[in-house]
$ cat query25.cif   # mmCIF, C-alpha atoms
data_my_file
#
loop_
_atom_site.label_atom_id
_atom_site.label_comp_id
_atom_site.auth_asym_id
_atom_site.auth_seq_id
_atom_site.Cartn_x
_atom_site.Cartn_y
_atom_site.Cartn_z
CA ARG N 1 10.63 24.52 12.65
CA SER N 2 13.71 26.45 13.69
CA ARG N 3 16.05 26.02 16.61
CA GLY N 4 19.24 27.64 17.81
CA LEU N 5 22.48 25.99 16.73
CA GLY N 6 23.11 25.00 20.34
CA ASP N 7 20.33 22.45 20.03
CA VAL N 8 22.48 20.53 17.54
CA TYR N 9 24.30 19.10 20.53
CA LYS N 10 21.07 18.02 22.24
CA ARG N 11 19.03 16.50 19.39
CA GLN N 12 19.36 13.13 17.66
CA HIS N 13 18.53 14.59 14.23
CA LEU N 14 20.48 16.16 11.41
CA GLN N 15 20.30 19.91 11.29
CA LEU N 16 20.83 22.38 8.45
CA TYR N 17 22.18 25.76 9.49
CA LEU N 18 22.66 28.91 7.42
CA LYS N 19 25.84 30.35 8.82
CA ASP N 20 24.98 34.07 8.70
CA GLY N 21 21.66 33.49 10.45
CA PHE N 22 20.92 32.24 13.94
CA ASP N 23 18.42 29.47 13.21
CA ALA N 24 19.00 25.80 12.47
CA LYS N 25 16.49 24.06 10.26
CA GLN N 26 15.98 20.48 11.40
CA PHE N 27 15.56 17.85 8.69
CA VAL N 28 15.75 14.15 7.98
CA ILE N 29 17.95 12.35 5.44
CA GLY N 30 16.48 12.86 1.99
CA ASP N 31 15.20 16.36 2.74
CA GLY N 32 18.51 18.15 3.31
CA LEU N 33 19.87 18.04 -0.23
CA PRO N 34 20.25 20.25 -2.05
CA ALA N 35 20.71 23.15 0.34
CA PRO N 36 18.71 26.29 -0.53
CA ALA N 37 20.39 27.97 -3.51
CA GLY N 38 20.54 31.65 -4.37
CA THR N 39 20.74 32.86 -0.77
CA GLY N 40 24.38 34.02 -0.88
CA LYS N 41 24.88 32.30 2.47
CA ASN N 42 27.38 29.75 3.68
CA VAL N 43 25.70 26.52 4.71
CA LEU N 44 26.64 24.46 7.74
CA TYR N 45 25.45 20.88 8.10
CA ALA N 46 25.69 19.85 11.76
CA PHE N 47 24.85 16.39 13.06
CA ASN N 48 25.88 13.95 15.75
CA GLY N 49 28.05 10.87 15.41
CA GLU N 50 25.07 8.59 14.86
CA TYR N 51 24.80 10.03 11.35
CA ALA N 52 28.46 9.53 10.40
CA ASN N 53 27.46 7.74 7.17
CA PHE N 54 25.98 11.01 5.89
CA ILE N 55 29.50 12.44 5.52
CA SER N 56 30.17 10.39 2.36
CA VAL N 57 26.92 11.72 0.85
CA LEU N 58 27.89 15.32 1.57
CA LYS N 59 31.40 14.82 0.17
CA GLU N 60 29.95 13.58 -3.11
CA TYR N 61 27.34 16.30 -3.30
CA TYR N 62 29.63 19.13 -2.18
CA PRO N 63 33.24 17.98 -2.81
CA GLY N 64 34.61 21.40 -1.94
CA GLY N 65 33.07 21.38 1.53
CA LYS N 66 35.11 21.46 4.73
CA GLN N 67 34.63 18.78 7.37
CA GLU N 68 35.16 19.28 11.12
CA ILE N 69 34.99 16.49 13.71
CA TYR N 70 34.33 17.07 17.41
CA TYR N 71 34.89 14.43 20.06
CA ASP N 72 33.08 13.69 23.30
CA SER N 73 34.71 15.56 26.18
CA ASN N 74 34.37 12.44 28.35
CA ASN N 75 35.55 9.98 25.70
CA LYS N 76 38.16 11.21 23.24
CA ASN N 77 37.62 8.17 21.00
CA ARG N 78 33.90 8.83 20.56
CA VAL N 79 32.73 11.32 17.94
CA SER N 80 30.27 13.79 19.40
CA HIS N 81 29.23 15.59 16.21
CA PHE N 82 30.27 16.68 12.73
CA PHE N 83 30.22 20.02 10.94
CA TYR N 84 30.34 20.24 7.15
CA ARG N 85 30.65 23.74 5.70
CA VAL N 86 29.72 24.61 2.13
CA SER N 87 30.30 27.94 0.37
CA PRO N 88 27.36 29.78 -1.26
CA GLU N 89 29.12 29.46 -4.63
CA GLU N 90 29.21 25.66 -4.39
CA VAL N 91 25.62 25.53 -3.12
CA ASP N 92 24.50 27.34 -6.27
CA GLU N 93 26.80 25.37 -8.58
CA ARG N 94 25.61 21.97 -7.29
CA ALA N 95 21.90 22.81 -6.99
CA SER N 96 20.90 20.41 -9.76
CA TYR N 97 23.29 17.57 -8.87
CA ARG N 98 21.79 14.09 -8.55
CA LEU N 99 23.14 11.43 -6.21
CA LYS N 100 24.78 8.41 -7.84
CA ASN N 101 23.81 5.97 -5.10
CA GLY N 102 20.91 5.43 -2.72
CA LEU N 103 17.46 3.99 -3.34
CA SER N 104 14.63 5.29 -5.51
CA ALA N 105 11.81 6.43 -3.23
CA GLU N 106 8.13 7.00 -3.83
CA TYR N 107 5.89 8.44 -1.11
CA THR N 108 2.11 8.74 -1.29
CA ASP N 109 -0.73 9.63 1.06
CA GLY N 110 -3.53 8.95 -1.41
CA ARG N 111 -3.59 12.53 -2.68
CA LYS N 112 0.03 13.57 -3.08
CA ARG N 113 2.90 11.59 -4.60
CA VAL N 114 6.59 12.42 -4.10
CA LYS N 115 9.48 10.75 -5.95
CA ARG N 116 13.16 11.22 -5.12
CA THR N 117 16.40 9.35 -4.39
CA ASP N 118 17.14 8.71 -0.72
CA PRO N 119 20.81 8.12 0.16
CA MET N 120 20.07 5.58 2.92
CA ILE N 121 17.22 4.22 5.02
CA PHE N 122 17.68 6.13 8.26
CA PHE N 123 14.58 8.23 8.95
CA ASP N 124 12.86 9.82 11.92
CA TRP N 125 9.84 11.95 10.98
CA ASN N 126 8.57 12.25 14.54
CA ASN N 127 7.50 15.89 14.99
CA LEU N 128 9.01 16.75 11.59
CA PRO N 129 7.32 17.32 8.20
CA THR N 130 6.77 14.09 6.27
CA PRO N 131 7.58 13.87 2.55
CA THR N 132 3.90 14.27 1.59
CA GLY N 133 3.08 16.70 4.40
CA GLY N 134 0.45 14.43 5.91
CA ASN N 135 0.47 12.34 9.07
CA TYR N 136 -0.29 9.12 7.19
CA PHE N 137 1.71 7.97 4.17
CA LYS N 138 3.14 4.93 2.43
CA ALA N 139 6.65 4.65 1.02
CA ARG N 140 8.37 2.26 -1.36
CA TRP N 141 12.14 2.17 -1.82
CA THR N 142 13.49 0.23 -4.81
CA GLY N 143 16.91 -0.51 -6.23
CA SER N 144 19.68 -2.93 -5.44
CA ILE N 145 22.34 -3.67 -2.86
CA LYS N 146 25.85 -4.18 -4.19
CA VAL N 147 27.86 -6.95 -2.52
CA ASP N 148 31.57 -7.48 -3.05
CA ARG N 149 31.66 -10.91 -1.39
CA PRO N 150 28.75 -13.37 -1.61
CA GLY N 151 27.41 -15.02 1.51
CA ARG N 152 24.79 -14.87 4.22
CA HIS N 153 23.86 -11.38 5.34
CA THR N 154 21.58 -10.56 8.26
CA PHE N 155 19.23 -7.61 7.72
CA SER N 156 17.59 -5.69 10.53
CA VAL N 157 14.77 -3.22 9.94
CA GLN N 158 14.04 -1.09 13.00
CA THR N 159 10.53 0.39 13.23
CA TRP N 160 7.23 0.11 15.06
CA ASP N 161 5.43 0.86 11.80
CA PHE N 162 4.42 -1.64 9.10
CA VAL N 163 7.24 -2.80 6.83
CA ASP N 164 7.92 -5.44 4.17
CA LEU N 165 11.44 -6.23 2.98
CA THR N 166 11.89 -8.13 -0.29
CA ILE N 167 15.33 -9.30 -1.46
CA ASN N 168 15.82 -10.80 -4.93
CA GLY N 169 12.09 -11.36 -5.29
CA LYS N 170 11.62 -13.10 -1.92
CA LYS N 171 9.80 -11.39 0.94
CA VAL N 172 11.96 -11.90 4.02
CA ILE N 173 10.28 -9.49 6.46
CA SER N 174 6.54 -8.90 6.51
CA ARG N 175 4.32 -6.26 8.08
CA ASP N 176 4.50 -7.12 11.80
CA ALA N 177 4.20 -3.90 13.81
CA SER N 178 4.15 -5.66 17.20
CA GLN N 179 7.93 -5.50 17.54
CA TYR N 180 10.68 -2.98 16.83
CA TYR N 181 13.46 -5.23 15.51
CA HIS N 182 12.70 -7.19 12.32
CA ASN N 183 15.54 -9.55 11.36
CA ALA N 184 16.14 -11.81 8.37
CA SER N 185 19.13 -13.88 7.24
CA VAL N 186 19.56 -13.81 3.46
CA MET N 187 22.07 -15.30 1.01
CA LEU N 188 23.30 -12.51 -1.28
CA ASN N 189 25.06 -12.93 -4.59
CA GLN N 190 28.20 -11.09 -5.57
CA GLY N 191 27.22 -7.94 -7.41
CA ASP N 192 23.74 -6.41 -7.44
CA ASN N 193 20.87 -7.84 -5.40
CA GLU N 194 17.38 -6.44 -5.87
CA ILE N 195 15.77 -4.80 -2.85
CA ILE N 196 12.24 -3.48 -2.26
CA ILE N 197 11.10 -1.92 1.02
CA ASP N 198 7.40 -1.19 1.53
CA TYR N 199 6.63 1.01 4.53
CA GLU N 200 3.39 2.32 5.99
CA THR N 201 3.12 4.73 8.89
CA ARG N 202 1.31 3.52 11.97
CA ASN N 203 2.22 5.98 14.70
CA TYR N 204 6.00 5.80 15.02
CA TYR N 205 7.36 7.62 11.91
CA ARG N 206 10.77 6.04 12.14
CA ILE N 207 12.60 3.39 10.07
CA ARG N 208 16.23 2.28 9.80
CA LEU N 209 17.90 -0.44 7.73
CA TYR N 210 20.97 -2.27 9.07
CA TRP N 211 22.90 -5.30 7.91
CA GLN N 212 25.61 -7.63 9.13
CA LYS N 213 27.96 -8.90 6.46
CA PRO N 214 29.64 -12.32 6.79
CA GLY N 215 32.09 -12.09 9.66
CA GLY N 216 31.22 -8.43 10.20
CA GLN N 217 29.34 -6.31 12.71
CA ASP N 218 25.86 -4.84 12.63
CA GLU N 219 25.95 -1.51 10.75
CA LEU N 220 23.74 0.85 8.83
CA VAL N 221 23.50 -0.21 5.17
CA PRO N 222 25.80 2.45 3.71
CA TYR N 223 25.10 4.85 0.88
CA GLU N 224 27.82 3.33 -1.29
CA ALA N 225 26.15 -0.12 -1.24
CA LEU N 226 22.77 1.13 -2.53
CA ILE N 227 21.95 1.61 -6.22
CA PRO N 228 18.71 3.36 -7.27
CA TYR N 229 16.23 1.90 -9.72
CA LEU N 230 16.73 3.29 -13.24
CA PRO N 231 13.33 3.04 -14.98
CA ALA N 232 14.53 4.55 -18.27
CA ALA N 233 17.13 1.81 -18.62
CA GLY N 234 14.77 -0.84 -17.30
CA LYS N 235 17.33 -2.06 -14.80
CA ARG N 236 18.85 -1.35 -11.39
#
$ encode --input "query25.cif" --output "structure tokens"
Amino acid sequence: RSRGLGDVYKRQHLQLYLKDGFDAKQFVIGDGLPAPAGTGKNVLYAFNGEYANFISVLKEYYPGGKQEIYYDSNNKNRVSHFFYRVSPEEVDERASYRLKNGLSAEYTDGRKRVKRTDPMIFFDWNNLPTPTGGNYFKARWTGSIKVDRPGRHTFSVQTWDFVDLTINGKKVISRDASQYYHNASVMLNQGDNEIIIDYETRNYYRIRLYWQKPGGQDELVPYEALIPYLPAAGKR
């Protein structure tokens, strides 16, 4: 669906905006890259501060882009929203680029299957098209989480839908859709740690993956810490 750019300030979703038009196409992480090529239009990504981690993804995908930061008028230390502008030349040039990080994703609804790399687990499909186009679907994300310092990490999966989280072959969160916050404390090794997330829609269409590193604060698991599964190499 399309909305005016003014709605960027009102919605809690990312929005993709073609600068020489007047509509903003709303999307979720995973669906916004690459931007439509061959249009001859500048592209403007606009999103609120909640999606700050997406900036590093855009900078890798479109290194020539221009970032703008806007702050809350009532709190000058709080980011209100970001703009990231990309030229039509770079949109065309980077149309076939593939992300280096993220998790390998496979979506299925029993009839259609979609495979791609998702930069992070931070989705809200409520009232938006799902990857398979249907209301019901399953998803599996596979890959690894890279840790610089070993120790106990606390994971939090936020969803009302069904979810399993498996770390290094051990299922640490399982299925329960009776609560929104699903937490697990896990010892991670230095280097790569295998991760599998199995997700099934119930009626919420939203899932987010956070962690708390030793001595750190709760934060979204960042793009840079995720490594997709590489089936051709037989490793992650």
$ resolve_selection --input "query25.cif" --expression "the PyMOL selection byres ((chain N and resi 155) around 9)" --output "number ranges by chain"
N: 153-154, 156-157, 182-186, 209-213, 218, 221
$ atom_distance --input "query25.cif" --atom1 "atom CA of N:Ile197" --atom2 "atom CA of N:Ser174"
10.0 Å
$ residues_around --input "query25.cif" --residues "N:Val114" --least-positions-apart "4" --cutoff "12 Å" --atoms "only C-alpha atoms" --output "ChimeraX atom specification"
/N:30-31,104-110,118,130-134,137-141
$ atom_distance --input "query25.cif" --atom1 "atom CA of N:Phe123" --atom2 "atom CA of N:Ile207"
5.3 Å
$ resolve_selection --input "query25.cif" --expression "the PyMOL selection byres ((chain N and resi 164) around 10)" --output "compact mmCIF listing (two decimals) with C-alpha atoms, keeping the file's coordinate frame"
# COMPACT_ATOMS: atom_id res chain seq x y z
CA ARG N 140 8.37 2.26 -1.36
CA VAL N 157 14.77 -3.22 9.94
CA PHE N 162 4.42 -1.64 9.10
CA VAL N 163 7.24 -2.80 6.83
CA LEU N 165 11.44 -6.23 2.98
CA THR N 166 11.89 -8.13 -0.29
CA LYS N 171 9.80 -11.39 0.94
CA VAL N 172 11.96 -11.90 4.02
CA ILE N 173 10.28 -9.49 6.46
CA SER N 174 6.54 -8.90 6.51
CA ARG N 175 4.32 -6.26 8.08
CA ASP N 176 4.50 -7.12 11.80
CA HIS N 182 12.70 -7.19 12.32
CA ILE N 196 12.24 -3.48 -2.26
CA ILE N 197 11.10 -1.92 1.02
CA ASP N 198 7.40 -1.19 1.53
CA TYR N 199 6.63 1.01 4.53
CA GLU N 200 3.39 2.32 5.99
$ atom_distance --input "query25.cif" --atom1 "atom CA of N:Arg206" --atom2 "atom CA of N:Tyr229"
22.9 Å
$ closest_residue --input "query25.cif" --among "N:Pro119, N:Pro214, N:Gly169, N:Pro150" --to "N:Ile227" --atoms "all atoms listed in the file"
N:Pro119
$ resolve_selection --input "query25.cif" --expression "the PyMOL selection byres ((chain N and resi 148) around 7)" --output "ChimeraX atom specification"
/N:146-147,149-150,190-191
$ closest_residue --input "query25.cif" --among "N:Asn77, N:Gln67, N:Gln26, N:Asn101" --to "N:Pro222" --atoms "only C-alpha atoms"
N:Asn101
$ build_atoms --input "query25.cif" --residues "stretch 195-222 of chain N" --atoms "N, CA and C atoms" --output "PDB file, keeping the file's coordinate frame"
ATOM      1  N   ILE N 195      16.387  -5.059  -4.132  1.00  0.00           N
ATOM      2  CA  ILE N 195      15.770  -4.800  -2.850  1.00  0.00           C
ATOM      3  C   ILE N 195      14.524  -3.934  -3.032  1.00  0.00           C
ATOM      4  N   ILE N 196      13.464  -4.277  -2.316  1.00  0.00           N
ATOM      5  CA  ILE N 196      12.240  -3.480  -2.260  1.00  0.00           C
ATOM      6  C   ILE N 196      11.834  -3.367  -0.796  1.00  0.00           C
ATOM      7  N   ILE N 197      11.587  -2.154  -0.346  1.00  0.00           N
ATOM      8  CA  ILE N 197      11.100  -1.920   1.020  1.00  0.00           C
ATOM      9  C   ILE N 197       9.760  -1.204   0.916  1.00  0.00           C
ATOM     10  N   ASP N 198       8.717  -1.816   1.460  1.00  0.00           N
ATOM     11  CA  ASP N 198       7.400  -1.190   1.530  1.00  0.00           C
ATOM     12  C   ASP N 198       7.130  -0.804   2.978  1.00  0.00           C
ATOM     13  N   TYR N 199       6.779   0.452   3.183  1.00  0.00           N
ATOM     14  CA  TYR N 199       6.630   1.010   4.530  1.00  0.00           C
ATOM     15  C   TYR N 199       5.315   1.761   4.628  1.00  0.00           C
ATOM     16  N   GLU N 200       4.649   1.609   5.759  1.00  0.00           N
ATOM     17  CA  GLU N 200       3.390   2.320   5.990  1.00  0.00           C
ATOM     18  C   GLU N 200       3.372   2.849   7.419  1.00  0.00           C
ATOM     19  N   THR N 201       3.110   4.138   7.558  1.00  0.00           N
ATOM     20  CA  THR N 201       3.120   4.730   8.890  1.00  0.00           C
ATOM     21  C   THR N 201       1.989   4.145   9.737  1.00  0.00           C
ATOM     22  N   ARG N 202       2.295   3.960  10.987  1.00  0.00           N
ATOM     23  CA  ARG N 202       1.310   3.520  11.970  1.00  0.00           C
ATOM     24  C   ARG N 202       1.157   4.637  12.995  1.00  0.00           C
ATOM     25  N   ASN N 203       2.185   4.830  13.790  1.00  0.00           N
ATOM     26  CA  ASN N 203       2.220   5.980  14.700  1.00  0.00           C
ATOM     27  C   ASN N 203       3.628   6.291  15.182  1.00  0.00           C
ATOM     28  N   TYR N 204       4.634   5.660  14.531  1.00  0.00           N
ATOM     29  CA  TYR N 204       6.000   5.800  15.020  1.00  0.00           C
ATOM     30  C   TYR N 204       6.843   6.741  14.158  1.00  0.00           C
ATOM     31  N   TYR N 205       6.686   6.711  12.843  1.00  0.00           N
ATOM     32  CA  TYR N 205       7.360   7.620  11.910  1.00  0.00           C
ATOM     33  C   TYR N 205       8.883   7.476  11.938  1.00  0.00           C
ATOM     34  N   ARG N 206       9.329   6.240  12.097  1.00  0.00           N
ATOM     35  CA  ARG N 206      10.770   6.040  12.140  1.00  0.00           C
ATOM     36  C   ARG N 206      11.103   4.685  11.509  1.00  0.00           C
ATOM     37  N   ILE N 207      12.163   4.652  10.675  1.00  0.00           N
ATOM     38  CA  ILE N 207      12.600   3.390  10.070  1.00  0.00           C
ATOM     39  C   ILE N 207      14.100   3.470   9.778  1.00  0.00           C
ATOM     40  N   ARG N 208      14.798   2.368  10.053  1.00  0.00           N
ATOM     41  CA  ARG N 208      16.230   2.280   9.800  1.00  0.00           C
ATOM     42  C   ARG N 208      16.549   0.886   9.251  1.00  0.00           C
ATOM     43  N   LEU N 209      17.511   0.829   8.335  1.00  0.00           N
ATOM     44  CA  LEU N 209      17.900  -0.440   7.730  1.00  0.00           C
ATOM     45  C   LEU N 209      19.373  -0.720   8.019  1.00  0.00           C
ATOM     46  N   TYR N 210      19.613  -1.835   8.742  1.00  0.00           N
ATOM     47  CA  TYR N 210      20.970  -2.270   9.070  1.00  0.00           C
ATOM     48  C   TYR N 210      21.238  -3.623   8.423  1.00  0.00           C
ATOM     49  N   TRP N 211      22.529  -3.955   8.328  1.00  0.00           N
ATOM     50  CA  TRP N 211      22.900  -5.300   7.910  1.00  0.00           C
ATOM     51  C   TRP N 211      24.158  -5.728   8.629  1.00  0.00           C
ATOM     52  N   GLN N 212      24.371  -7.048   8.619  1.00  0.00           N
ATOM     53  CA  GLN N 212      25.610  -7.630   9.130  1.00  0.00           C
ATOM     54  C   GLN N 212      26.174  -8.512   8.041  1.00  0.00           C
ATOM     55  N   LYS N 213      27.319  -8.115   7.508  1.00  0.00           N
ATOM     56  CA  LYS N 213      27.960  -8.900   6.460  1.00  0.00           C
ATOM     57  C   LYS N 213      28.661 -10.112   7.060  1.00  0.00           C
ATOM     58  N   PRO N 214      28.977 -11.125   6.247  1.00  0.00           N
ATOM     59  CA  PRO N 214      29.640 -12.320   6.790  1.00  0.00           C
ATOM     60  C   PRO N 214      30.898 -11.958   7.559  1.00  0.00           C
ATOM     61  N   GLY N 215      30.935 -12.366   8.815  1.00  0.00           N
ATOM     62  CA  GLY N 215      32.090 -12.090   9.660  1.00  0.00           C
ATOM     63  C   GLY N 215      32.181 -10.657  10.141  1.00  0.00           C
ATOM     64  N   GLY N 216      31.172  -9.841   9.825  1.00  0.00           N
ATOM     65  CA  GLY N 216      31.220  -8.430  10.200  1.00  0.00           C
ATOM     66  C   GLY N 216      30.322  -8.096  11.372  1.00  0.00           C
ATOM     67  N   GLN N 217      30.169  -6.802  11.626  1.00  0.00           N
ATOM     68  CA  GLN N 217      29.340  -6.310  12.710  1.00  0.00           C
ATOM     69  C   GLN N 217      28.099  -5.634  12.153  1.00  0.00           C
ATOM     70  N   ASP N 218      27.088  -5.500  13.006  1.00  0.00           N
ATOM     71  CA  ASP N 218      25.860  -4.840  12.630  1.00  0.00           C
ATOM     72  C   ASP N 218      26.140  -3.371  12.322  1.00  0.00           C
ATOM     73  N   GLU N 219      25.707  -2.880  11.144  1.00  0.00           N
ATOM     74  CA  GLU N 219      25.950  -1.510  10.750  1.00  0.00           C
ATOM     75  C   GLU N 219      24.843  -1.018   9.829  1.00  0.00           C
ATOM     76  N   LEU N 220      24.692   0.270   9.761  1.00  0.00           N
ATOM     77  CA  LEU N 220      23.740   0.850   8.830  1.00  0.00           C
ATOM     78  C   LEU N 220      24.142   0.476   7.402  1.00  0.00           C
ATOM     79  N   VAL N 221      23.173   0.060   6.563  1.00  0.00           N
ATOM     80  CA  VAL N 221      23.500  -0.210   5.170  1.00  0.00           C
ATOM     81  C   VAL N 221      23.972   1.101   4.553  1.00  0.00           C
ATOM     82  N   PRO N 222      25.223   1.168   4.102  1.00  0.00           N
ATOM     83  CA  PRO N 222      25.800   2.450   3.710  1.00  0.00           C
ATOM     84  C   PRO N 222      25.327   2.931   2.339  1.00  0.00           C
TER      85      PRO N 222
END
